[in-house]
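J.: This is protein_38.cif (mmCIF, C-alpha atoms (C1' of nucleotides)).
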data_coords
loop_
_atom_site.group_PDB
_atom_site.id
_atom_site.type_symbol
_atom_site.label_atom_id
_atom_site.label_comp_id
_atom_site.auth_asym_id
_atom_site.auth_seq_id
_atom_site.Cartn_x
_atom_site.Cartn_y
_atom_site.Cartn_z
ATOM 1 C CA MET J 1 176.185 171.533 -220.345
ATOM 2 C CA ILE J 2 179.118 169.195 -220.513
ATOM 3 C CA SER J 3 182.615 170.590 -221.034
ATOM 4 C CA LYS J 4 184.435 170.455 -224.339
ATOM 5 C CA LYS J 5 186.823 168.082 -222.639
ATOM 6 C CA ALA J 6 184.009 165.640 -221.915
ATOM 7 C CA LYS J 7 182.782 165.866 -225.457
ATOM 8 C CA TYR J 8 186.276 165.221 -226.767
ATOM 9 C CA ALA J 9 186.546 162.240 -224.442
ATOM 10 C CA LEU J 10 183.307 160.764 -225.726
ATOM 11 C CA LYS J 11 184.298 161.263 -229.324
ATOM 12 C CA ALA J 12 187.695 159.683 -228.775
ATOM 13 C CA LEU J 13 186.158 156.755 -226.940
ATOM 14 C CA LYS J 14 183.730 156.261 -229.780
ATOM 15 C CA VAL J 15 186.661 155.732 -232.150
ATOM 16 C CA LEU J 16 188.391 153.433 -229.680
ATOM 17 C CA ALA J 17 185.195 151.448 -229.238
ATOM 18 C CA ARG J 18 184.949 150.882 -232.955
ATOM 19 C CA GLU J 19 188.456 149.468 -232.969
ATOM 20 C CA TYR J 20 187.972 147.378 -229.857
ATOM 21 C CA GLU J 21 190.317 144.378 -229.887
ATOM 22 C CA LYS J 22 191.902 145.467 -233.125
ATOM 23 C CA GLY J 23 195.063 146.830 -231.546
ATOM 24 C CA PRO J 24 196.072 150.241 -230.186
ATOM 25 C CA LEU J 25 195.324 153.599 -231.817
ATOM 26 C CA LEU J 26 197.669 156.585 -231.892
ATOM 27 C CA ILE J 27 196.736 159.793 -230.100
ATOM 28 C CA SER J 28 197.618 161.726 -233.229
ATOM 29 C CA ASN J 29 195.287 159.678 -235.399
ATOM 30 C CA ILE J 30 192.336 160.108 -233.084
ATOM 31 C CA ALA J 31 193.100 163.798 -232.671
ATOM 32 C CA GLU J 32 193.154 164.326 -236.394
ATOM 33 C CA SER J 33 190.101 162.294 -237.294
ATOM 34 C CA GLU J 34 187.966 163.902 -234.593
ATOM 35 C CA ASN J 35 189.258 167.477 -234.784
ATOM 36 C CA ILE J 36 190.619 167.499 -231.267
ATOM 37 C CA PRO J 37 193.759 169.471 -230.277
ATOM 38 C CA LYS J 38 196.390 166.755 -229.927
ATOM 39 C CA LYS J 39 197.971 167.878 -226.673
ATOM 40 C CA PHE J 40 194.590 168.331 -225.085
ATOM 41 C CA LEU J 41 193.500 164.873 -226.151
ATOM 42 C CA GLU J 42 196.721 163.490 -224.700
ATOM 43 C CA ALA J 43 195.731 164.701 -221.262
ATOM 44 C CA ILE J 44 192.211 163.376 -221.643
ATOM 45 C CA LEU J 45 193.250 159.890 -222.675
ATOM 46 C CA LEU J 46 195.771 159.785 -219.877
ATOM 47 C CA GLU J 47 193.065 160.615 -217.389
ATOM 48 C CA LEU J 48 190.833 157.885 -218.767
ATOM 49 C CA ARG J 49 193.730 155.482 -218.530
ATOM 50 C CA ASN J 50 194.414 156.425 -214.916
ATOM 51 C CA HIS J 51 190.786 155.678 -214.172
ATOM 52 C CA GLY J 52 190.963 152.221 -215.675
ATOM 53 C CA ILE J 53 188.986 152.835 -218.854
ATOM 54 C CA LEU J 54 191.917 152.710 -221.249
ATOM 55 C CA GLN J 55 195.200 150.881 -221.524
ATOM 56 C CA SER J 56 198.287 152.351 -223.158
ATOM 57 C CA GLN J 57 201.349 150.988 -224.842
ATOM 58 C CA LYS J 58 204.521 152.962 -225.465
ATOM 59 C CA GLY J 59 206.902 152.764 -228.389
ATOM 60 C CA LYS J 60 206.427 151.607 -231.931
ATOM 61 C CA GLY J 61 203.117 149.879 -232.539
ATOM 62 C CA GLY J 62 201.848 151.438 -229.333
ATOM 63 C CA GLY J 63 198.887 153.668 -228.613
ATOM 64 C CA TYR J 64 195.668 153.514 -226.632
ATOM 65 C CA TYR J 65 192.970 150.880 -226.476
ATOM 66 C CA LEU J 66 189.864 150.099 -224.462
ATOM 67 C CA ARG J 67 190.464 147.969 -221.415
ATOM 68 C CA MET J 68 186.957 146.502 -221.440
ATOM 69 C CA PRO J 69 184.158 145.826 -223.897
ATOM 70 C CA PRO J 70 182.357 148.982 -225.089
ATOM 71 C CA GLU J 71 179.071 147.875 -223.552
ATOM 72 C CA GLN J 72 180.681 148.051 -220.123
ATOM 73 C CA VAL J 73 181.686 151.684 -220.400
ATOM 74 C CA THR J 74 178.700 153.788 -219.420
ATOM 75 C CA PHE J 75 178.308 157.480 -220.113
ATOM 76 C CA ALA J 76 177.961 158.019 -216.393
ATOM 77 C CA LYS J 77 181.456 156.650 -215.789
ATOM 78 C CA ILE J 78 183.012 158.872 -218.419
ATOM 79 C CA ILE J 79 181.236 162.052 -217.385
ATOM 80 C CA ARG J 80 182.135 161.498 -213.736
ATOM 81 C CA ILE J 81 185.800 161.106 -214.597
ATOM 82 C CA ILE J 82 185.993 164.148 -216.828
ATOM 83 C CA ASP J 83 183.398 166.589 -215.512
ATOM 84 C CA GLY J 84 182.714 165.308 -212.015
ATOM 85 C CA PRO J 85 179.250 165.236 -210.468
ATOM 86 C CA ILE J 86 176.242 164.381 -212.598
ATOM 87 C CA ALA J 87 173.779 165.573 -209.962
ATOM 88 C CA PRO J 88 172.594 169.189 -210.125
ATOM 89 C CA THR J 89 173.757 169.864 -206.562
ATOM 90 C CA LEU J 90 176.394 168.265 -204.357
ATOM 91 C CA CYS J 91 173.855 167.540 -201.642
ATOM 92 C CA VAL J 92 172.181 164.913 -203.844
ATOM 93 C CA SER J 93 175.308 163.561 -205.514
ATOM 94 C CA LEU J 94 175.931 159.852 -205.139
ATOM 95 C CA HIS J 95 179.651 159.968 -205.929
ATOM 96 C CA PHE J 96 180.626 163.492 -204.904
ATOM 97 C CA TYR J 97 178.390 164.230 -201.954
ATOM 98 C CA GLY J 98 178.963 167.493 -200.107
ATOM 99 C CA LYS J 99 176.909 169.668 -197.749
ATOM 100 C CA CYS J 100 175.425 172.885 -198.995
ATOM 101 C CA ASP J 101 176.985 175.746 -197.053
ATOM 102 C CA ASP J 102 173.843 177.851 -197.227
ATOM 103 C CA CYS J 103 171.348 175.147 -196.254
ATOM 104 C CA VAL J 104 170.187 174.644 -192.720
ATOM 105 C CA SER J 105 168.510 171.255 -192.841
ATOM 106 C CA GLU J 106 168.784 168.731 -195.636
ATOM 107 C CA VAL J 107 165.706 166.744 -194.688
ATOM 108 C CA GLU J 108 163.550 169.835 -194.645
ATOM 109 C CA CYS J 109 164.895 171.133 -197.958
ATOM 110 C CA THR J 110 162.044 171.020 -200.441
ATOM 111 C CA LEU J 111 164.485 171.822 -203.214
ATOM 112 C CA ARG J 112 166.374 168.649 -202.513
ATOM 113 C CA ASN J 113 163.469 166.457 -203.583
ATOM 114 C CA VAL J 114 163.382 167.973 -207.010
ATOM 115 C CA MET J 115 167.161 167.823 -207.294
ATOM 116 C CA GLU J 116 167.010 164.130 -206.522
ATOM 117 C CA GLN J 117 164.452 163.526 -209.208
ATOM 118 C CA TRP J 118 166.483 165.555 -211.642
ATOM 119 C CA ARG J 119 169.574 163.533 -210.808
ATOM 120 C CA ASP J 120 167.685 160.267 -211.256
ATOM 121 C CA ALA J 121 166.383 161.356 -214.625
ATOM 122 C CA ASN J 122 169.964 162.019 -215.679
ATOM 123 C CA LEU J 123 171.167 158.710 -214.367
ATOM 124 C CA SER J 124 168.410 156.759 -216.061
ATOM 125 C CA VAL J 125 170.020 157.740 -219.341
ATOM 126 C CA LEU J 126 173.667 157.937 -218.391
ATOM 127 C CA GLU J 127 173.912 154.643 -216.533
ATOM 128 C CA GLN J 128 172.096 152.965 -219.381
ATOM 129 C CA LYS J 129 173.948 154.315 -222.389
ATOM 130 C CA THR J 130 177.376 152.920 -223.189
ATOM 131 C CA LEU J 131 180.034 153.247 -225.854
ATOM 132 C CA MET J 132 178.137 150.489 -227.642
ATOM 133 C CA ASP J 133 175.499 153.097 -228.491
ATOM 134 C CA LEU J 134 178.070 155.180 -230.338
ATOM 135 C CA VAL J 135 179.452 152.492 -232.599
ATOM 136 C CA MET N 1 175.734 171.016 -211.705
ATOM 137 C CA ILE N 2 173.712 174.190 -211.422
ATOM 138 C CA SER N 3 175.415 177.413 -210.362
ATOM 139 C CA LYS N 4 175.096 178.884 -206.917
ATOM 140 C CA LYS N 5 173.192 181.699 -208.546
ATOM 141 C CA ALA N 6 170.559 179.276 -209.833
ATOM 142 C CA LYS N 7 170.261 177.662 -206.457
ATOM 143 C CA TYR N 8 169.839 181.066 -204.827
ATOM 144 C CA ALA N 9 167.186 181.919 -207.388
ATOM 145 C CA LEU N 10 165.239 178.751 -206.652
ATOM 146 C CA LYS N 11 165.435 179.291 -202.929
ATOM 147 C CA ALA N 12 164.314 182.881 -203.223
ATOM 148 C CA LEU N 13 161.445 181.922 -205.515
ATOM 149 C CA LYS N 14 160.395 179.277 -203.048
ATOM 150 C CA VAL N 15 159.921 181.966 -200.403
ATOM 151 C CA LEU N 16 158.101 184.225 -202.842
ATOM 152 C CA ALA N 17 155.850 181.338 -203.879
ATOM 153 C CA ARG N 18 154.852 180.759 -200.274
ATOM 154 C CA GLU N 19 153.824 184.389 -199.995
ATOM 155 C CA TYR N 20 152.069 184.489 -203.335
ATOM 156 C CA GLU N 21 149.364 187.146 -203.304
ATOM 157 C CA LYS N 22 150.245 188.211 -199.789
ATOM 158 C CA GLY N 23 152.088 191.344 -200.824
ATOM 159 C CA PRO N 24 155.715 192.111 -201.703
ATOM 160 C CA LEU N 25 158.771 190.795 -199.850
ATOM 161 C CA LEU N 26 161.941 192.751 -199.192
ATOM 162 C CA ILE N 27 165.208 191.633 -200.783
ATOM 163 C CA SER N 28 166.870 191.939 -197.401
ATOM 164 C CA ASN N 29 164.361 189.642 -195.746
ATOM 165 C CA ILE N 30 164.729 186.940 -198.358
ATOM 166 C CA ALA N 31 168.511 187.285 -198.303
ATOM 167 C CA GLU N 32 168.604 186.900 -194.578
ATOM 168 C CA SER N 33 166.188 184.020 -194.253
ATOM 169 C CA GLU N 34 167.862 182.027 -197.038
ATOM 170 C CA ASN N 35 171.496 182.854 -196.341
ATOM 171 C CA ILE N 36 172.059 184.590 -199.631
ATOM 172 C CA PRO N 37 174.450 187.568 -200.036
ATOM 173 C CA LYS N 38 172.088 190.504 -200.320
ATOM 174 C CA LYS N 39 173.720 192.303 -203.223
ATOM 175 C CA PHE N 40 173.988 189.085 -205.164
ATOM 176 C CA LEU N 41 170.334 188.292 -204.586
ATOM 177 C CA GLU N 42 169.479 191.790 -205.730
ATOM 178 C CA ALA N 43 170.954 191.043 -209.151
ATOM 179 C CA ILE N 44 169.219 187.687 -209.335
ATOM 180 C CA LEU N 45 165.778 189.021 -208.531
ATOM 181 C CA LEU N 46 166.245 191.831 -211.010
ATOM 182 C CA GLU N 47 167.070 189.311 -213.707
ATOM 183 C CA LEU N 48 163.975 187.290 -212.875
ATOM 184 C CA ARG N 49 161.930 190.444 -213.000
ATOM 185 C CA ASN N 50 163.346 191.408 -216.390
ATOM 186 C CA HIS N 51 162.305 188.001 -217.652
ATOM 187 C CA GLY N 52 158.744 188.429 -216.463
ATOM 188 C CA ILE N 53 158.789 186.058 -213.507
ATOM 189 C CA LEU N 54 158.703 188.693 -210.790
ATOM 190 C CA GLN N 55 157.205 192.111 -210.293
ATOM 191 C CA SER N 56 158.795 194.796 -208.147
ATOM 192 C CA GLN N 57 157.576 197.781 -206.241
ATOM 193 C CA LYS N 58 159.764 200.628 -205.023
ATOM 194 C CA GLY N 59 159.471 202.690 -201.866
ATOM 195 C CA LYS N 60 157.949 201.933 -198.499
ATOM 196 C CA GLY N 61 155.838 198.803 -198.505
ATOM 197 C CA GLY N 62 157.564 197.732 -201.707
ATOM 198 C CA GLY N 63 159.565 194.664 -202.578
ATOM 199 C CA TYR N 64 159.283 191.711 -204.932
ATOM 200 C CA TYR N 65 156.420 189.373 -205.680
ATOM 201 C CA LEU N 66 155.540 186.628 -208.141
ATOM 202 C CA ARG N 67 153.854 187.807 -211.305
ATOM 203 C CA MET N 68 152.008 184.519 -211.849
ATOM 204 C CA PRO N 69 150.781 181.557 -209.834
ATOM 205 C CA PRO N 70 153.589 179.290 -208.560
ATOM 206 C CA GLU N 71 152.336 176.340 -210.602
ATOM 207 C CA GLN N 72 153.049 178.279 -213.775
ATOM 208 C CA VAL N 73 156.717 178.812 -213.009
ATOM 209 C CA THR N 74 158.586 175.719 -214.134
ATOM 210 C CA PHE N 75 162.119 174.819 -213.126
ATOM 211 C CA ALA N 76 163.032 174.808 -216.796
ATOM 212 C CA LYS N 77 162.103 178.500 -217.095
ATOM 213 C CA ILE N 78 164.157 179.478 -214.090
ATOM 214 C CA ILE N 79 167.232 177.466 -215.015
ATOM 215 C CA ARG N 80 167.212 178.798 -218.552
ATOM 216 C CA ILE N 81 167.095 182.385 -217.303
ATOM 217 C CA ILE N 82 169.871 181.976 -214.783
ATOM 218 C CA ASP N 83 172.166 179.250 -216.137
ATOM 219 C CA GLY N 84 171.222 179.084 -219.784
ATOM 220 C CA PRO N 85 170.974 175.841 -221.734
ATOM 221 C CA ILE N 86 169.560 172.749 -220.083
ATOM 222 C CA ALA N 87 170.779 170.446 -222.843
ATOM 223 C CA PRO N 88 174.203 168.812 -222.444
ATOM 224 C CA THR N 89 175.407 170.255 -225.774
ATOM 225 C CA LEU N 90 174.360 173.271 -227.816
ATOM 226 C CA CYS N 91 173.686 171.127 -230.869
ATOM 227 C CA VAL N 92 170.661 169.562 -229.153
ATOM 228 C CA SER N 93 169.478 172.641 -227.268
ATOM 229 C CA LEU N 94 165.922 173.739 -227.961
ATOM 230 C CA HIS N 95 166.332 177.329 -226.744
ATOM 231 C CA PHE N 96 170.043 177.966 -227.280
ATOM 232 C CA TYR N 97 170.879 175.973 -230.380
ATOM 233 C CA GLY N 98 174.375 176.333 -231.806
ATOM 234 C CA LYS N 99 176.571 174.300 -234.137
ATOM 235 C CA CYS N 100 179.446 172.297 -232.763
ATOM 236 C CA ASP N 101 182.657 173.691 -234.190
ATOM 237 C CA ASP N 102 184.398 170.328 -234.154
ATOM 238 C CA CYS N 103 181.584 168.285 -235.695
ATOM 239 C CA VAL N 104 181.394 167.581 -239.382
ATOM 240 C CA SER N 105 177.849 166.299 -239.809
ATOM 241 C CA GLU N 106 175.066 166.583 -237.287
ATOM 242 C CA VAL N 107 172.884 163.894 -238.782
ATOM 243 C CA GLU N 108 175.702 161.373 -238.727
ATOM 244 C CA CYS N 109 176.740 162.202 -235.170
ATOM 245 C CA THR N 110 176.036 159.153 -233.046
ATOM 246 C CA LEU N 111 176.772 161.210 -229.950
ATOM 247 C CA ARG N 112 173.919 163.508 -230.752
ATOM 248 C CA ASN N 113 171.319 160.797 -230.277
ATOM 249 C CA VAL N 114 172.406 160.183 -226.746
ATOM 250 C CA MET N 115 172.611 163.897 -226.029
ATOM 251 C CA GLU N 116 169.044 164.278 -227.199
ATOM 252 C CA GLN N 117 167.865 161.539 -224.904
ATOM 253 C CA TRP N 118 169.806 163.055 -222.064
ATOM 254 C CA ARG N 119 168.228 166.443 -222.740
ATOM 255 C CA ASP N 120 164.749 164.927 -222.844
ATOM 256 C CA ALA N 121 165.304 163.163 -219.554
ATOM 257 C CA ASN N 122 166.220 166.510 -218.038
ATOM 258 C CA LEU N 123 163.226 168.218 -219.535
ATOM 259 C CA SER N 124 160.811 165.546 -218.369
ATOM 260 C CA VAL N 125 161.572 166.688 -214.844
ATOM 261 C CA LEU N 126 162.271 170.378 -215.343
ATOM 262 C CA GLU N 127 159.252 171.191 -217.488
ATOM 263 C CA GLN N 128 157.068 169.312 -215.050
ATOM 264 C CA LYS N 129 158.247 170.650 -211.726
ATOM 265 C CA THR N 130 157.153 174.111 -210.656
ATOM 266 C CA LEU N 131 157.457 176.396 -207.677
ATOM 267 C CA MET N 132 154.342 174.642 -206.415
ATOM 268 C CA ASP N 133 156.548 171.648 -205.632
ATOM 269 C CA LEU N 134 158.656 173.741 -203.288
ATOM 270 C CA VAL N 135 155.897 175.217 -201.168
ATOM 271 C "C1'" DA O 1 161.857 216.892 -198.004
ATOM 272 C "C1'" DT O 2 163.031 212.665 -196.235
ATOM 273 C "C1'" DT O 3 162.977 207.855 -195.899
ATOM 274 C "C1'" DT O 4 162.502 203.609 -197.994
ATOM 275 C "C1'" DT O 5 163.066 200.637 -201.391
ATOM 276 C "C1'" DG O 6 164.562 198.805 -205.837
ATOM 277 C "C1'" DT O 7 167.922 199.949 -210.235
ATOM 278 C "C1'" DC O 8 172.052 200.201 -212.453
ATOM 279 C "C1'" DT O 9 177.008 200.182 -213.514
ATOM 280 C "C1'" DA O 10 181.444 199.095 -212.281
ATOM 281 C "C1'" DT O 11 184.791 196.468 -210.152
ATOM 282 C "C1'" DC O 12 187.222 192.544 -207.886
ATOM 283 C "C1'" DA O 13 189.395 188.210 -206.653
ATOM 284 C "C1'" DA O 14 189.232 183.492 -207.316
ATOM 285 C "C1'" DC O 15 188.635 179.961 -210.076
ATOM 286 C "C1'" DT O 16 188.100 177.111 -214.273
ATOM 287 C "C1'" DA O 17 188.332 175.833 -219.126
ATOM 288 C "C1'" DA O 18 190.872 175.231 -223.084
ATOM 289 C "C1'" DA O 19 194.940 175.095 -225.203
ATOM 290 C "C1'" DT O 20 200.065 174.867 -225.638
ATOM 291 C "C1'" DA O 21 205.088 173.929 -224.702
ATOM 292 C "C1'" DG O 22 208.751 171.067 -223.847
ATOM 293 C "C1'" DG O 23 211.433 167.786 -221.822
ATOM 294 C "C1'" DG O 24 211.305 162.834 -219.789
ATOM 295 C "C1'" DA O 25 210.762 157.877 -219.882
ATOM 296 C "C1'" DA O 26 209.652 153.479 -221.688
ATOM 297 C "C1'" DA O 27 209.307 150.227 -225.431
ATOM 298 C "C1'" DG O 28 210.875 148.254 -229.472
ATOM 299 C "C1'" DA O 29 213.815 147.993 -233.964
ATOM 300 C "C1'" DG O 30 218.002 147.495 -235.871
ATOM 301 C "C1'" DC D 1 223.574 150.164 -227.517
ATOM 302 C "C1'" DT D 2 221.574 153.705 -229.945
ATOM 303 C "C1'" DC D 3 217.770 155.571 -232.435
ATOM 304 C "C1'" DT D 4 213.014 156.225 -233.156
ATOM 305 C "C1'" DT D 5 208.511 156.036 -231.721
ATOM 306 C "C1'" DT D 6 205.251 156.691 -228.625
ATOM 307 C "C1'" DC D 7 203.112 157.862 -224.303
ATOM 308 C "C1'" DC D 8 204.001 160.547 -219.629
ATOM 309 C "C1'" DC D 9 204.342 164.483 -216.821
ATOM 310 C "C1'" DT D 10 204.718 169.290 -215.243
ATOM 311 C "C1'" DA D 11 204.244 173.922 -216.101
ATOM 312 C "C1'" DT D 12 202.345 177.869 -218.283
ATOM 313 C "C1'" DT D 13 199.179 180.857 -220.746
ATOM 314 C "C1'" DT D 14 195.073 183.129 -222.003
ATOM 315 C "C1'" DA D 15 190.443 184.049 -221.778
ATOM 316 C "C1'" DG D 16 186.375 183.670 -219.679
ATOM 317 C "C1'" DT D 17 183.146 182.775 -215.760
ATOM 318 C "C1'" DT D 18 181.565 182.770 -211.012
ATOM 319 C "C1'" DG D 19 180.525 184.733 -206.867
ATOM 320 C "C1'" DA D 20 180.647 188.732 -204.370
ATOM 321 C "C1'" DT D 21 180.891 193.810 -203.257
ATOM 322 C "C1'" DA D 22 180.592 199.022 -203.624
ATOM 323 C "C1'" DG D 23 178.346 203.086 -204.494
ATOM 324 C "C1'" DA D 24 175.661 206.283 -206.862
ATOM 325 C "C1'" DC D 25 170.897 206.783 -208.810
ATOM 326 C "C1'" DA D 26 165.745 206.754 -209.309
ATOM 327 C "C1'" DA D 27 161.131 206.095 -207.954
ATOM 328 C "C1'" DA D 28 157.533 205.789 -204.503
ATOM 329 C "C1'" DA D 29 155.400 206.880 -200.148
ATOM 330 C "C1'" DT D 30 154.771 209.664 -196.031
#
Just dump the structure as structure tokens.
T.:
Amino acid sequence: MISKKAKYALKALKVLAREYEKGPLLISNIAESENIPKKFLEAILLELRNHGILQSQKGKGGGYYLRMPPEQVTFAKIIRIIDGPIAPTLCVSLHFYGKCDDCVSEVECTLRNVMEQWRDANLSVLEQKTLMDLV
Amino acid sequence: MISKKAKYALKALKVLAREYEKGPLLISNIAESENIPKKFLEAILLELRNHGILQSQKGKGGGYYLRMPPEQVTFAKIIRIIDGPIAPTLCVSLHFYGKCDDCVSEVECTLRNVMEQWRDANLSVLEQKTLMDLV
DNA sequence: ATTTTGTCTATCAACTAAATAGGGAAAGAG
DNA sequence: CTCTTTCCCTATTTAGTTGATAGACAAAAT
């Protein structure tokens, strides 16, 4: 299950994708139209900005807008920023690799094979789907 | 990411699958051989038993054993018992369906399509893989 | 009876998720 | 230069979950 935060992020990005290259959108407007707590959304958009997905503009006429075409923003990117690892365990994560503290040998771990396949199944969708699919 | 509990469950079931039809195994033995806190494992095995995966036997010579052949115990079953929904959102969950509180219309939700595909990708692995693949 | 084993309930600390509060800083308008 | 608009940042709160532990209880076997 993804977090509410991730879902909010996707919904907000959907709106921003629709308005791509039509100027910035206000946090408040997105929050209202998508039923997202404004302050919470603020933090989410900021995070996406700090990871290069969004650009912001302060002051009158300001707001947030996509920094790249919607078809370049994959679900995988978004989920990794907001929720972290996509893989079911750290020991098979491509971007957040970490050793299992309870495992003795990774190569001998029969569980790891399945986890890898599970991860790949996830990625086959998430690396493929982009904001374009939400418009 | 799956919980540590789910990972412990899978590791314990792997051991039990290897000993299928060779008599019961002690909690303590499994705990020790797999580096799982004994008391924690106790709760996990009990839960698996209450969901019909395992059978238990008290007293001397007792312990836990698989109630069905390893190839009949899918990963999907195990994960659902221990971690709950496999789907990324409740609104596309087959076994734990629930409405999104922030969504207006499910049919119109463009996000939902992707979530469904994501879920199916997960299931294609998890409904296929069984304890047999760990032996 | 006693020993062995699982069963059950309760509790704990640590962490995380979700939401909120409030002042700060930059951009632009006039 | 001041006011308004907007995003930026830090802190806090509350509720819930995760992972782990403790201890009494119940059934089975010898």
J.: Run through the PyMOL selection byres ((chain J) within 9 of (chain O)) on the given coordinates and return the selected residues as a list in words.
T.: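 Answer for the PyMOL selection byres ((chain J) within 9 of (chain O)): Ser3, Lys4, Lys5, Pro37, Lys39, Phe40, Gln57, Lys58, Gly59, Lys60, Gly61 and Gly62 of chain J.
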J.: Could you list, as a list in words, the residues of chain D having an atom within 10 Å of chain N when counting only C-alpha atoms (C1' of nucleotides)?
T.: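 Only these qualify: DT18, DG19, DA20, DT21, DA22, DA26, DA27, DA28, DA29 and DT30 of chain D.
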J.: Of the candidates N:Glu116, N:Glu21, N:Glu71, N:Glu106, which one gets nearest to chain J if we count only C-alpha atoms?
T.: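 For chain J, the nearest of the given residues is N:Glu116.
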J.: Step by step: start from the point (189.3, 152.4, -229.5) in the file's coordinates, keep every protein, DNA or RNA residue that has an atom no farther than 12 Å from it, count all atoms listed in the file, and write the set as a VMD selection string.
T.: chain J and resid 9 to 27 29 to 30 45 53 to 56 63 to 70 73 131 to 132 134 to 135
J.: Select, as a PyMOL selection string, those residues of chain N with any atom no more than 10 Å from chain J (distances computed using all atoms listed in the file).
T.: chain N and resi 1-4+7-8+10-11+14+34-36+75+83-90+93+100-104+109-115+117-126+129-131+133-135
J.: Would you mind putting back N, CA and C atoms on segment 108-122 of chain J, then writing it out as a PDB file, in the frame of the given file?
T.:
ATOM      1  N   GLU J 108     164.647 168.892-194.468  1.00  0.00           N
ATOM      2  CA  GLU J 108     163.550 169.835-194.645  1.00  0.00           C
ATOM      3  C   GLU J 108     163.596 170.561-195.984  1.00  0.00           C
ATOM      4  N   CYS J 109     164.692 170.372-196.724  1.00  0.00           N
ATOM      5  CA  CYS J 109     164.895 171.133-197.958  1.00  0.00           C
ATOM      6  C   CYS J 109     163.964 170.608-199.057  1.00  0.00           C
ATOM      7  N   THR J 110     162.997 171.451-199.411  1.00  0.00           N
ATOM      8  CA  THR J 110     162.044 171.020-200.441  1.00  0.00           C
ATOM      9  C   THR J 110     162.713 170.976-201.815  1.00  0.00           C
ATOM     10  N   LEU J 111     163.752 171.782-201.956  1.00  0.00           N
ATOM     11  CA  LEU J 111     164.485 171.822-203.214  1.00  0.00           C
ATOM     12  C   LEU J 111     165.170 170.484-203.487  1.00  0.00           C
ATOM     13  N   ARG J 112     165.601 169.888-202.416  1.00  0.00           N
ATOM     14  CA  ARG J 112     166.374 168.649-202.513  1.00  0.00           C
ATOM     15  C   ARG J 112     165.590 167.530-203.205  1.00  0.00           C
ATOM     16  N   ASN J 113     164.300 167.483-202.951  1.00  0.00           N
ATOM     17  CA  ASN J 113     163.469 166.457-203.583  1.00  0.00           C
ATOM     18  C   ASN J 113     163.525 166.559-205.101  1.00  0.00           C
ATOM     19  N   VAL J 114     163.361 167.772-205.564  1.00  0.00           N
ATOM     20  CA  VAL J 114     163.382 167.973-207.010  1.00  0.00           C
ATOM     21  C   VAL J 114     164.764 167.658-207.573  1.00  0.00           C
ATOM     22  N   MET J 115     165.790 168.086-206.842  1.00  0.00           N
ATOM     23  CA  MET J 115     167.161 167.823-207.294  1.00  0.00           C
ATOM     24  C   MET J 115     167.412 166.323-207.404  1.00  0.00           C
ATOM     25  N   GLU J 116     166.868 165.590-206.483  1.00  0.00           N
ATOM     26  CA  GLU J 116     167.010 164.130-206.522  1.00  0.00           C
ATOM     27  C   GLU J 116     166.339 163.535-207.747  1.00  0.00           C
ATOM     28  N   GLN J 117     165.166 164.040-208.036  1.00  0.00           N
ATOM     29  CA  GLN J 117     164.452 163.526-209.208  1.00  0.00           C
ATOM     30  C   GLN J 117     165.168 163.898-210.494  1.00  0.00           C
ATOM     31  N   TRP J 118     165.722 165.089-210.486  1.00  0.00           N
ATOM     32  CA  TRP J 118     166.483 165.555-211.642  1.00  0.00           C
ATOM     33  C   TRP J 118     167.709 164.647-211.836  1.00  0.00           C
ATOM     34  N   ARG J 119     168.407 164.421-210.769  1.00  0.00           N
ATOM     35  CA  ARG J 119     169.574 163.533-210.808  1.00  0.00           C
ATOM     36  C   ARG J 119     169.189 162.154-211.354  1.00  0.00           C
ATOM     37  N   ASP J 120     168.098 161.603-210.833  1.00  0.00           N
ATOM     38  CA  ASP J 120     167.685 160.267-211.256  1.00  0.00           C
ATOM     39  C   ASP J 120     167.312 160.214-212.733  1.00  0.00           C
ATOM     40  N   ALA J 121     166.718 161.294-213.206  1.00  0.00           N
ATOM     41  CA  ALA J 121     166.383 161.356-214.625  1.00  0.00           C
ATOM     42  C   ALA J 121     167.656 161.307-215.467  1.00  0.00           C
ATOM     43  N   ASN J 122     168.664 162.048-215.011  1.00  0.00           N
ATOM     44  CA  ASN J 122     169.964 162.019-215.679  1.00  0.00           C
ATOM     45  C   ASN J 122     170.530 160.610-215.689  1.00  0.00           C
TER      46      ASN J 122
END
